[in-house]
Amino acid sequence: MSKTATKPNIFPIVLYGEPVLETPGAPVTKFDAELRGLVDDMFATMYAAQGVGLAAPQVGISKRISVIDVSFKEDPKARIVIINPEIIRKEGKQVGQEGCLSIPDFRENVTRANSVTVRAQDVHGEWFEASGDGLLARAFQHEIDHLDGKLFLFHLSALKRDLIKRKIKKLRQAGDWPPSITPGSKTTK
Ligand code: NI
């Protein structure tokens with residue numbers, strides 16, 4: 001709810017190669033209207049890009065804020081904002097395809113914990129805990145990695161990572177990267 005019906009901003013998404021993506025974000029200390037506006041803009045940007053998660057460094061803001069909605073608008077309760085988050089419990093293992101809005105068109109199998117509990121602050125600075133498994137657990141881990149300057153490439157073998165880096169370099173030289181966003185790829189983060 002908002003008294004001023006201002007339209008949220010859709011940010012351009014920062015792509016792999018920009019240093020902000022590999023820089024740890026600064027903790028949030030001010031929980032004000034500006035922060036709430038930024039969070040609204042991040043949700044709008046995430047939905048526009050067909051993502052289920054987005055971290056502030058992906059819009060060029062080096063701060064510890066991530067937004068997640070693994071239901072992609074289906075369930076309002078699935079909208080989660082985690083500020084200054086940390087994982088306080090990890091259990092089990094899952095292997096599954098993972099992508100990233102900052103590395104469009106590349107998807108790889110990534111091993112993650114199957115179930116996690118996160119401790120984080122909300123937009124008002126209140127601490128809370130949230131647990132999730134499956135896709136939500138994957139999203140928590142992927143988005144918190146972003147706040148530590150880590151991309152999913154970090155979890156691949158050096159061989160696979162170098163292969164992807166070389167492919168991106170080639171595509172870039174050919175003028176084919178970044179590609180245009182493919183709608184429907186809702187598991188990208
Ligand atoms: Ni990502």
# chains A, B, ... in the order shown; residues from 1 in each chain; ligands from 1
>>> residues_near_ligand(ligand="ligand 1", cutoff="7 Å", atoms="only C-alpha atoms and all ligand atoms", output="PyMOL selection string")
chain A and resi 54+99-102+142-143+146+151+189
>>> residues_around(residues="Ile13 of chain A", least_positions_apart="4", cutoff="9 Å", atoms="only C-alpha atoms", output="count of residues only")
7
>>> select_by_dssp(residues="segment 20-160 of chain A", states="strand (DSSP E or B)", output="PyMOL selection string")
chain A and resi 26+53-55+63+65-68+80-91+94-99+108-112+115-121+127-133
>>> residues_around(residues="segment 105-119 of chain A", least_positions_apart="2", cutoff="6 Å", atoms="only C-alpha atoms", output="ChimeraX atom specification")
/A:85-99,128-134,137
>>> residues_around(residues="segment 21-31 of chain A", least_positions_apart="4", cutoff="10 Å", atoms="only C-alpha atoms", output="ChimeraX atom specification")
/A:14-17,35-36,55-65,83-85,102,121-126,145-151
>>> select_by_dssp(residues="chain A", states="alpha helix (DSSP H)", output="MDAnalysis selection string")
chainID A and resid 33:48 135:147 158:173
>>> residues_around(residues="segment 72-75 of chain A", least_positions_apart="4", cutoff="8 Å", atoms="only C-alpha atoms", output="mmCIF file with C-alpha atoms, in the first residue's frame")
data_model
loop_
_atom_site.group_PDB
_atom_site.id
_atom_site.type_symbol
_atom_site.label_atom_id
_atom_site.label_comp_id
_atom_site.auth_asym_id
_atom_site.auth_seq_id
_atom_site.Cartn_x
_atom_site.Cartn_y
_atom_site.Cartn_z
ATOM 1 C CA TYR A 47 9.187 -9.614 -12.463
ATOM 2 C CA GLY A 51 13.127 -13.903 -12.503
ATOM 3 C CA VAL A 52 12.283 -15.523 -9.177
ATOM 4 C CA ARG A 79 7.204 -12.430 -1.759
ATOM 5 C CA LYS A 186 11.184 -18.393 -14.543
#
>>> closest_residue(among="A:Leu163, A:Ile82, A:Leu38, A:Met46", to="Gln141 of chain A", atoms="only C-alpha atoms")
A:Ile82
>>> decode(residues="segment 131-142 of chain A", atoms="N, CA and C atoms", output="compact mmCIF listing (two decimals), in the first residue's frame")
# COMPACT_ATOMS: atom_id res chain seq x y z
N SER A 131 12.49 -20.32 6.67
CA SER A 131 13.03 -21.60 6.23
C SER A 131 12.44 -21.97 4.89
N GLY A 132 13.20 -22.73 4.13
CA GLY A 132 12.68 -23.18 2.86
C GLY A 132 13.43 -24.40 2.40
N ASP A 133 12.77 -25.18 1.54
CA ASP A 133 13.50 -26.27 0.91
C ASP A 133 13.26 -26.24 -0.60
N GLY A 134 13.94 -27.13 -1.30
CA GLY A 134 13.78 -27.18 -2.75
C GLY A 134 14.16 -25.87 -3.41
N LEU A 135 13.27 -25.40 -4.30
CA LEU A 135 13.56 -24.18 -5.07
C LEU A 135 13.78 -22.96 -4.18
N LEU A 136 12.98 -22.85 -3.10
CA LEU A 136 13.15 -21.69 -2.21
C LEU A 136 14.52 -21.73 -1.52
N ALA A 137 14.94 -22.92 -1.10
CA ALA A 137 16.27 -23.05 -0.48
C ALA A 137 17.35 -22.67 -1.49
N ARG A 138 17.17 -23.11 -2.73
CA ARG A 138 18.12 -22.77 -3.79
C ARG A 138 18.16 -21.25 -4.00
N ALA A 139 16.98 -20.63 -4.01
CA ALA A 139 16.90 -19.18 -4.22
C ALA A 139 17.59 -18.43 -3.07
N PHE A 140 17.34 -18.86 -1.83
CA PHE A 140 18.01 -18.22 -0.69
C PHE A 140 19.53 -18.28 -0.86
N GLN A 141 20.03 -19.46 -1.21
CA GLN A 141 21.49 -19.62 -1.31
C GLN A 141 22.05 -18.82 -2.48
N HIS A 142 21.35 -18.85 -3.62
CA HIS A 142 21.81 -18.11 -4.81
C HIS A 142 21.83 -16.60 -4.53
